[in-house]
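K.L.:
For reference, the file protein30.txt (compact mmCIF, C-alpha atoms) is included below:
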# COMPACT_ATOMS: atom_id res chain seq x y z
CA MET L 209 16.63 205.92 27.95
CA ARG L 210 15.40 207.11 31.30
CA PRO L 211 15.38 210.71 32.52
CA SER L 212 18.65 211.45 34.26
CA ARG L 213 20.48 214.50 35.60
CA ILE L 214 24.20 215.10 35.77
CA VAL L 215 25.65 218.05 37.61
CA MET L 216 29.36 218.70 37.10
CA PRO L 217 31.55 221.59 35.92
CA GLU L 218 32.12 222.12 32.19
CA THR L 219 35.70 223.22 32.74
CA ALA L 220 38.41 222.38 35.25
CA LYS L 221 42.06 223.12 35.84
CA SER L 222 44.51 220.28 35.25
CA GLY L 223 44.99 218.35 38.49
CA GLU L 224 41.87 219.84 40.08
CA ILE L 225 39.57 217.50 42.01
CA PHE L 226 35.91 218.12 41.18
CA GLU L 227 32.58 216.59 42.16
CA ILE L 228 30.10 214.81 39.90
CA LYS L 229 26.48 214.28 40.91
CA ALA L 230 24.26 211.85 38.99
CA LEU L 231 20.56 211.17 39.40
CA ILE L 232 18.30 208.83 37.41
CA GLN L 233 14.59 208.03 37.41
CA HIS L 234 13.91 204.37 38.22
CA PRO L 235 11.35 202.61 40.47
CA MET L 236 13.99 200.25 41.95
CA VAL L 237 11.50 197.49 42.77
CA THR L 238 13.13 195.37 45.47
CA GLY L 239 11.49 192.06 44.58
CA HIS L 240 11.32 191.27 48.28
CA THR L 241 8.30 189.17 49.09
CA ALA L 242 6.38 188.58 52.26
CA ALA L 243 2.98 187.01 52.83
CA GLY L 244 0.39 189.36 51.38
CA ALA L 245 2.98 191.97 50.42
CA ASN L 246 4.70 193.01 47.21
CA THR L 247 5.06 190.19 44.71
CA GLU L 248 6.57 192.16 41.83
CA PRO L 249 9.83 190.63 40.64
CA ARG L 250 13.05 192.51 41.30
CA PHE L 251 13.53 195.37 38.88
CA ILE L 252 16.44 197.62 39.72
CA ILE L 253 19.32 199.39 38.08
CA HIS L 254 22.17 197.08 38.96
CA THR L 255 25.16 198.94 37.59
CA LEU L 256 26.39 202.47 36.94
CA THR L 257 29.70 202.86 35.16
CA VAL L 258 31.44 206.11 34.36
CA THR L 259 34.27 206.51 31.90
CA TYR L 260 36.51 209.54 31.42
CA ASP L 261 38.26 209.81 28.07
CA GLY L 262 37.54 206.11 27.51
CA GLU L 263 38.89 204.93 30.86
CA GLU L 264 36.63 203.67 33.64
CA ILE L 265 36.86 205.98 36.64
CA PHE L 266 33.83 204.91 38.65
CA ARG L 267 31.61 201.87 38.99
CA ALA L 268 28.74 201.23 41.40
CA ASP L 269 26.78 198.04 41.95
CA PHE L 270 23.27 198.76 43.20
CA PHE L 271 21.26 196.36 45.35
CA PRO L 272 17.57 196.08 46.27
CA GLY L 273 18.13 198.24 49.37
CA VAL L 274 18.80 201.30 47.20
CA ALA L 275 15.88 203.76 47.13
CA ALA L 276 13.95 204.69 43.99
CA ASN L 277 15.54 207.26 41.68
CA PRO L 278 19.09 206.56 42.85
CA TYR L 279 21.55 209.40 43.38
CA VAL L 280 25.31 209.05 43.33
CA ALA L 281 28.05 211.61 44.00
CA PHE L 282 31.78 211.12 43.64
CA THR L 283 34.92 213.07 42.87
CA THR L 284 37.60 212.66 40.25
CA ARG L 285 40.75 214.46 39.15
CA ALA L 286 40.81 216.52 35.95
CA THR L 287 43.56 215.23 33.65
CA VAL L 288 42.72 215.73 29.97
CA SER L 289 39.89 217.35 28.01
CA GLY L 290 37.42 214.65 27.01
CA ASP L 291 34.03 213.05 27.43
CA ILE L 292 32.70 211.68 30.66
CA VAL L 293 30.16 208.96 29.85
CA PHE L 294 27.60 207.68 32.35
CA THR L 295 25.94 204.30 31.74
CA TRP L 296 23.18 202.86 33.90
CA THR L 297 21.95 199.28 33.26
CA ASP L 298 18.83 197.73 34.78
CA ASP L 299 17.46 194.21 35.26
CA LYS L 300 15.52 194.33 31.98
CA GLY L 301 18.67 195.22 30.13
CA GLU L 302 17.62 198.81 29.52
CA VAL L 303 20.65 201.07 29.20
CA THR L 304 20.63 204.82 29.80
CA THR L 305 23.64 206.80 28.66
CA GLN L 306 24.58 210.44 29.15
CA THR L 307 27.74 212.12 27.93
CA ARG L 308 29.29 215.30 29.28
CA GLY L 309 32.32 217.05 27.90
CA LEU L 310 34.99 218.41 30.22
CA ARG L 311 37.46 221.07 29.08
CA VAL L 312 40.71 220.99 31.03
CA SER L 313 43.02 223.99 31.02
CA MET O 576 -26.44 263.47 61.44
CA SER O 577 -26.85 263.46 65.18
CA THR O 578 -23.84 263.16 67.43
CA ARG O 579 -25.26 259.94 68.86
CA LEU O 580 -25.61 258.35 65.41
CA VAL O 581 -22.03 259.31 64.47
CA ALA O 582 -20.83 257.86 67.78
CA THR O 583 -22.76 254.62 67.16
CA LEU O 584 -21.43 254.33 63.62
CA SER O 585 -17.85 254.86 64.69
CA LEU O 586 -18.34 252.30 67.47
CA ILE O 587 -19.58 249.77 64.90
CA ALA O 588 -16.64 250.64 62.64
CA ALA O 589 -14.24 250.20 65.55
CA LEU O 590 -15.79 246.81 66.40
CA VAL O 591 -15.54 245.66 62.80
CA ILE O 592 -11.89 246.69 62.66
CA ALA O 593 -11.23 245.08 66.05
CA SER O 594 -12.83 241.79 65.10
CA ASP O 595 -10.91 241.77 61.84
CA GLY O 596 -7.70 242.43 63.75
CA ARG O 597 -8.57 239.63 66.15
CA ALA O 598 -9.12 237.26 63.23
CA GLN O 599 -5.63 238.12 62.02
CA GLN O 600 -4.13 237.58 65.48
CA ASN O 601 -5.98 234.30 65.88
CA ARG O 602 -4.29 232.90 62.86
CA PRO O 603 -1.99 230.24 64.31
CA ALA O 604 1.77 230.49 63.93
CA LEU O 605 2.29 228.84 60.57
CA HIS O 606 5.26 226.80 59.54
CA SER O 607 6.07 225.25 56.21
CA ALA O 608 6.74 221.56 56.72
CA SER O 609 10.22 222.24 55.31
CA GLU O 610 11.06 223.64 58.76
CA TYR O 611 10.49 220.21 60.26
CA LEU O 612 12.80 218.39 57.88
CA SER O 613 16.22 217.28 59.10
CA GLU O 614 19.03 219.62 58.12
CA ASP O 615 20.22 217.04 55.59
CA MET O 616 16.86 216.72 53.91
CA ARG O 617 16.36 220.46 53.80
CA ALA O 618 19.76 220.89 52.16
CA GLU O 619 18.81 218.17 49.68
CA GLN O 620 15.52 219.93 48.93
CA TYR O 621 17.24 223.14 47.92
CA ASP O 622 20.01 221.42 45.94
CA ASP O 623 18.78 220.94 42.38
CA ALA O 624 21.48 218.33 41.81
CA ARG O 625 20.07 216.15 44.60
CA ASN O 626 16.36 216.96 44.81
CA ARG O 627 14.77 214.08 42.93
CA ALA O 628 11.79 216.26 42.05
CA MET O 629 14.07 217.93 39.50
CA LEU O 630 13.71 214.84 37.30
CA TRP O 631 10.05 215.79 36.98
CA VAL O 632 10.88 219.47 36.52
CA ASP O 633 13.05 218.52 33.52
CA LEU O 634 10.15 216.53 32.09
CA GLY O 635 7.84 219.51 32.62
CA GLU O 636 10.23 221.82 30.75
CA ALA O 637 10.35 219.35 27.83
CA ILE O 638 6.54 219.04 27.66
CA TRP O 639 6.22 222.82 27.83
CA ASN O 640 8.04 223.14 24.51
CA GLU O 641 6.47 220.12 22.80
CA PRO O 642 3.53 220.63 20.41
CA ALA O 643 0.45 218.70 21.58
CA GLY O 644 -3.01 217.96 20.22
CA GLN O 645 -4.70 218.92 16.97
CA SER O 646 -3.69 222.56 17.33
CA GLY O 647 -0.06 221.59 16.86
CA LYS O 648 0.79 224.18 19.50
CA SER O 649 2.99 223.81 22.53
CA CYS O 650 2.50 225.64 25.83
CA SER O 651 5.37 227.93 24.85
CA SER O 652 3.68 228.85 21.52
CA CYS O 653 1.32 231.06 23.54
CA HIS O 654 3.01 231.55 26.90
CA GLY O 655 6.64 231.89 25.83
CA ALA O 656 9.51 230.62 27.93
CA ALA O 657 8.55 228.70 31.04
CA ALA O 658 10.67 231.08 33.13
CA LEU O 659 8.04 233.78 32.45
CA LEU O 660 5.72 231.82 34.74
CA LYS O 661 7.47 233.26 37.78
CA GLY O 662 4.85 233.90 40.46
CA VAL O 663 2.01 232.04 38.75
CA ALA O 664 1.97 229.08 41.14
CA ALA O 665 1.71 231.47 44.10
CA ARG O 666 -1.65 232.76 42.78
CA TYR O 667 -3.38 229.38 42.43
CA PRO O 668 -6.03 228.13 43.01
CA ARG O 669 -7.98 231.02 41.51
CA ILE O 670 -11.30 231.81 39.89
CA ASP O 671 -11.42 231.12 36.17
CA ALA O 672 -12.80 234.32 34.66
CA ALA O 673 -14.73 232.58 31.87
CA SER O 674 -16.57 229.97 33.93
CA GLY O 675 -16.54 231.69 37.32
CA ARG O 676 -15.34 228.43 38.87
CA LEU O 677 -12.33 227.73 41.02
CA VAL O 678 -9.42 226.02 39.26
CA ASN O 679 -6.07 224.89 40.56
CA LEU O 680 -2.87 224.64 38.57
CA GLU O 681 -3.68 221.12 37.38
CA GLY O 682 -7.14 222.27 36.30
CA ARG O 683 -5.74 225.27 34.44
CA ILE O 684 -3.17 223.14 32.59
CA ASN O 685 -5.86 220.70 31.50
CA GLN O 686 -8.19 223.52 30.49
CA CYS O 687 -5.44 224.85 28.23
CA ARG O 688 -4.75 221.40 26.83
CA VAL O 689 -8.38 220.62 26.03
CA ASP O 690 -9.67 224.04 24.94
CA ARG O 691 -6.62 225.53 23.26
CA GLN O 692 -4.23 222.73 22.32
CA LYS O 693 -7.12 220.39 21.40
CA ALA O 694 -5.30 217.63 23.25
CA THR O 695 -6.48 215.14 25.85
CA ALA O 696 -6.48 216.13 29.52
CA LEU O 697 -3.66 214.74 31.63
CA ALA O 698 -4.72 212.53 34.52
CA PHE O 699 -3.70 213.37 38.09
CA GLU O 700 -0.46 211.71 39.23
CA THR O 701 0.79 211.06 35.70
CA ASN O 702 4.45 211.97 35.31
CA GLU O 703 3.40 214.51 32.65
CA LEU O 704 1.02 216.49 34.88
CA LEU O 705 3.33 216.22 37.89
CA GLY O 706 6.18 217.38 35.67
CA LEU O 707 4.31 220.46 34.45
CA THR O 708 3.06 221.46 37.90
CA ALA O 709 6.47 220.82 39.50
CA MET O 710 8.19 222.90 36.82
CA ILE O 711 5.72 225.77 37.15
CA ALA O 712 5.99 225.66 40.95
CA ARG O 713 9.80 225.64 40.69
CA HIS O 714 9.67 228.98 38.89
CA SER O 715 7.76 230.47 41.86
CA ARG O 716 9.88 228.98 44.61
CA GLY O 717 10.72 231.53 47.28
CA MET O 718 7.74 233.73 46.42
CA PRO O 719 4.98 234.38 48.97
CA VAL O 720 1.61 232.69 48.51
CA ASP O 721 -0.73 235.35 47.21
CA VAL O 722 -4.14 233.88 46.42
CA ASP O 723 -7.21 236.04 45.83
CA THR O 724 -10.03 235.04 48.16
CA GLY O 725 -12.34 237.98 47.48
CA GLY O 726 -15.46 238.16 45.30
CA PRO O 727 -16.57 234.85 43.79
CA ALA O 728 -13.74 233.01 45.59
CA GLN O 729 -15.32 233.76 48.97
CA SER O 730 -17.85 230.94 48.89
CA TYR O 731 -15.10 228.47 47.99
CA LEU O 732 -13.00 229.76 50.86
CA GLU O 733 -15.91 229.21 53.25
CA ALA O 734 -16.45 225.69 51.90
CA GLY O 735 -12.76 225.02 52.46
CA ARG O 736 -12.94 226.39 55.97
CA ARG O 737 -15.90 224.09 56.73
CA PHE O 738 -13.93 221.11 55.41
CA TRP O 739 -10.98 222.10 57.61
CA THR O 740 -13.02 222.37 60.79
CA THR O 741 -15.44 219.46 60.32
CA ARG O 742 -14.72 216.21 62.13
CA GLN O 743 -14.63 213.21 59.82
CA GLY O 744 -13.82 209.53 59.57
CA GLN O 745 -13.73 206.78 62.16
CA MET O 746 -11.16 208.79 64.13
CA ASN O 747 -13.63 211.67 64.17
CA LEU O 748 -10.91 214.26 63.64
CA SER O 749 -10.96 217.53 61.77
CA CYS O 750 -7.94 218.89 59.91
CA ALA O 751 -7.76 221.71 62.45
CA GLN O 752 -7.42 219.39 65.44
CA CYS O 753 -3.98 218.34 64.23
CA HIS O 754 -2.80 221.09 61.92
CA ASP O 755 -3.93 224.05 64.07
CA ASP O 756 -3.91 222.62 67.59
CA LYS O 757 -0.99 220.19 67.55
CA VAL O 758 1.51 221.85 65.21
CA GLY O 759 5.10 220.98 66.10
CA ARG O 760 4.10 217.94 68.14
CA LYS O 761 4.75 214.37 67.12
CA LEU O 762 2.49 211.98 65.26
CA ARG O 763 4.47 208.78 65.63
CA GLY O 764 7.85 209.55 64.06
CA ASP O 765 6.84 212.68 62.21
CA THR O 766 6.26 216.28 63.24
CA ILE O 767 2.80 217.70 62.65
CA SER O 768 2.98 220.65 60.28
CA SER O 769 0.59 223.52 59.71
CA GLY O 770 -0.61 221.74 56.59
CA LEU O 771 0.10 224.64 54.28
CA GLY O 772 0.77 222.64 51.15
CA THR O 773 3.42 225.12 49.98
CA GLY O 774 5.77 222.24 49.10
CA TYR O 775 3.45 220.49 46.64
CA PRO O 776 3.80 218.83 44.24
CA ALA O 777 6.42 217.17 46.38
CA TYR O 778 8.77 214.21 46.29
CA ARG O 779 7.65 212.14 49.25
CA LEU O 780 9.93 209.43 50.58
CA GLU O 781 6.97 207.31 51.66
CA TRP O 782 5.80 207.30 48.04
CA GLN O 783 9.29 206.90 46.62
CA GLY O 784 8.10 209.39 44.07
CA MET O 785 6.31 212.58 43.22
CA GLY O 786 2.74 213.37 44.19
CA SER O 787 0.20 216.18 44.01
CA LEU O 788 -1.33 218.06 46.93
CA HIS O 789 -4.59 216.21 46.33
CA ARG O 790 -2.80 212.88 46.70
CA ARG O 791 -1.46 214.16 50.01
CA LEU O 792 -4.96 215.21 51.08
CA ARG O 793 -6.17 211.70 50.28
CA ALA O 794 -3.40 210.30 52.48
CA CYS O 795 -4.57 212.53 55.37
CA GLN O 796 -8.19 211.48 54.93
CA ILE O 797 -7.21 207.82 54.81
CA GLY O 798 -5.17 208.51 57.96
CA VAL O 799 -8.27 209.55 59.90
CA ARG O 800 -10.11 206.62 58.31
CA ALA O 801 -12.46 208.71 56.25
CA ILE O 802 -13.41 207.90 52.67
CA PRO O 803 -11.09 210.02 50.53
CA PHE O 804 -12.28 212.07 47.58
CA GLU O 805 -10.86 211.69 44.11
CA GLN O 806 -8.07 214.02 43.03
CA GLY O 807 -9.56 217.16 41.54
CA ALA O 808 -12.80 216.86 43.57
CA ALA O 809 -14.63 220.11 44.34
CA GLU O 810 -14.12 219.47 48.07
CA TYR O 811 -10.34 219.32 47.63
CA LEU O 812 -10.30 222.41 45.42
CA ALA O 813 -12.08 224.41 48.10
CA LEU O 814 -9.74 223.04 50.76
CA GLU O 815 -6.76 223.87 48.57
CA LEU O 816 -7.93 227.49 48.44
CA TYR O 817 -8.40 227.55 52.21
CA LEU O 818 -4.90 226.12 52.75
CA ALA O 819 -3.48 228.76 50.42
CA TRP O 820 -5.37 231.47 52.29
CA ARG O 821 -3.85 230.27 55.55
CA ALA O 822 -0.46 230.17 53.86
CA LYS O 823 -0.72 233.72 52.50
CA GLY O 824 2.70 235.32 52.78
CA THR O 825 4.46 232.00 53.40
CA LEU O 826 7.14 231.32 50.81
CA LEU O 827 6.57 228.55 48.28
CA ASP O 828 9.11 225.75 48.63
CA ALA O 829 7.80 223.42 45.93
CA PRO O 830 8.85 221.03 44.60
CA ALA O 831 9.76 220.03 48.13
CA LEU O 832 10.99 216.86 49.77
CA ARG O 833 8.69 215.34 52.34
CA ARG O 834 8.89 212.25 54.49
Please lay out the structure from this file as structure tokens.
P.N.:
Amino acid sequence: MRPSRIVMPETAKSGEIFEIKALIQHPMVTGHTAAGANTEPRFIIHTLTVTYDGEEIFRADFFPGVAANPYVAFTTRATVSGDIVFTWTDDKGEVTTQTRGLRVS
Amino acid sequence: MSTRLVATLSLIAALVIASDGRAQQNRPALHSASEYLSEDMRAEQYDDARNRAMLWVDLGEAIWNEPAGQSGKSCSSCHGAAALLKGVAARYPRIDAASGRLVNLEGRINQCRVDRQKATALAFETNELLGLTAMIARHSRGMPVDVDTGGPAQSYLEAGRRFWTTRQGQMNLSCAQCHDDKVGRKLRGDTISSGLGTGYPAYRLEWQGMGSLHRRLRACQIGVRAIPFEQGAAEYLALELYLAWRAKGTLLDAPALRR
């Protein structure tokens, strides 16, 4: 589990569109090599998936061009009260999960 | 007292006041490097959801409440909630009353860890020390720098001033030649700042991570092709005090974003 930060509302009105911001700590080593330069193998978070009440609402594939400590923002529509689960997976198979509850009125 | 003596004394007094006033006026127009960021980056800096330094601030908050060392005490066991540290970062570096020596925030944290918590000191640039300093700085963001440079701090301030004005390295440049004389002008793609250090510890894009002020000072010294000191060196502590003296009244913007 890596340090991560989620910023989103705890409550929303049904049908309301709200923003979710997600940040995670990761070196995102590109693995790019050049004569005399970095020779570390690629080590990045390759996927972020987000589910809302069990259903996938967002997925991002990351590539070596993404900066360290990647930040993602997206919007979604409030439908039912439930958990929003964030899952980041990196090249070494390490998985970081964070869960946030959303109350919809 | 003769009239002439009184006149002479008041003339001396007037000169002293005048020269002091001149010293104040001669202080260059100072700008936090935040002013030279793009609008986007500045907005990012002040948005806790986007400022990557907040990952370290979170870590700092966690460490603050975690017992450490043989004492079994956490920082909060003595100091209470971290939010009570409001304004502390604005007063560092300062003279440690017990030893009479200058300490910066990193030094004070380690002094507490070793002497009181009976734990090991944290090395510079570890996530733990960066986290604690970033968190403490975050609680003072927006407050004016207010270091004490009187009394025993004076000799450190003078040492810092000498460092600032002394040419060094293969480029034979002093700090002042860029950060007093060329403020606002370009050094390759970047704008030269007043070098206040009010944003540190900062998340620097070039580093793709967090770094202390002393790491930044090393980068400057390497830039003029001088041999850099180690983080925590006496030379850097004195310079840190001098930077803070120059920055007096400027608002802290740490943990900042820097290019």
K.L.:
Mind listing as a ChimeraX atom specification which residues of chain L are within 9 Å of chain O, counting only C-alpha atoms?
P.N.:
/L:211-215,229-233,235,275-280
K.L.:
Can you tell me, as a VMD selection string, what residues are no more than 12 Å from range 247-264 of chain L when counting all atoms listed in the file, ignoring any on the same chain fewer than 6 positions away?
P.N.:
chain L and resid 210 214 228 to 241 270 to 312
K.L.:
Please determine, counting only C-alpha atoms, which residue among O:Ser613, O:Thr740, O:Gln752, O:Gln745 has the shortest atom-to-atom distance to Leu814 in chain O.
P.N.:
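When distances to Leu814 in chain O are compared using only C-alpha atoms, the smallest one comes from O:Thr740.
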K.L.:
Please determine, counting only C-alpha atoms, which residue among O:Tyr775, O:Phe804, O:Trp739, O:Tyr811 has the shortest atom-to-atom distance to Ala829 in chain O.
P.N.:
O:Tyr775
K.L.:
Identify, on the basis of all atoms listed in the file, every residue whose closest approach to range 649-666 of chain O does not exceed 10 Å; exclude the query and any residue fewer than 5 positions from it along the same chain; express the result as a ChimeraX atom specification.
P.N.:
/O:635-636,638-644,679-680,684,687-688,691-692,707-723,773,816,819,823-827,829
K.L.:
Do you know which residues are at most 9 Å from range 756-761 of chain O counting all atoms listed in the file, after dropping those on the same chain fewer than 3 positions away, and could you put them as JSON, numbers by chain?
P.N.:
{"O": [603, 604, 605, 606, 611, 751, 752, 753, 764, 765, 766, 767, 768, 769, 770]}
K.L.:
Hey, can you check how far CA of His789 in chain O sits from CA of Ala813 in chain O?
P.N.:
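Computing the Euclidean distance for CA of His789 in chain O and CA of Ala813 in chain O yields 11.2 Å.
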K.L.:
O:Arg683, O:Arg736, O:His754, O:Arg763: which is nearest Cys795 in chain O, counting only C-alpha atoms?
P.N.:
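Result for the nearest residue to Cys795 in chain O: O:His754.
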K.L.:
Report, in Å to a single decimal, how far apart CA of Gln729 in chain O and CA of Arg791 in chain O are.
P.N.:
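Separation of CA of Arg791 in chain O and CA of Gln729 in chain O: 24.0 Å.
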K.L.:
To one decimal place in Å, what is the distance between CA of Leu697 in chain O and CA of Ile670 in chain O?
P.N.:
20.4 Å
K.L.:
Using only the atoms of range 748-755 of chain O listed in the file, plus 4 Å on each side, state the axis-aligned box centre and edge lengths in Å rounded to one decimal, as JSON.
P.N.:
{"center_x": -6.9, "center_y": 219.2, "center_z": 62.7, "size_x": 16.2, "size_y": 17.8, "size_z": 13.5}
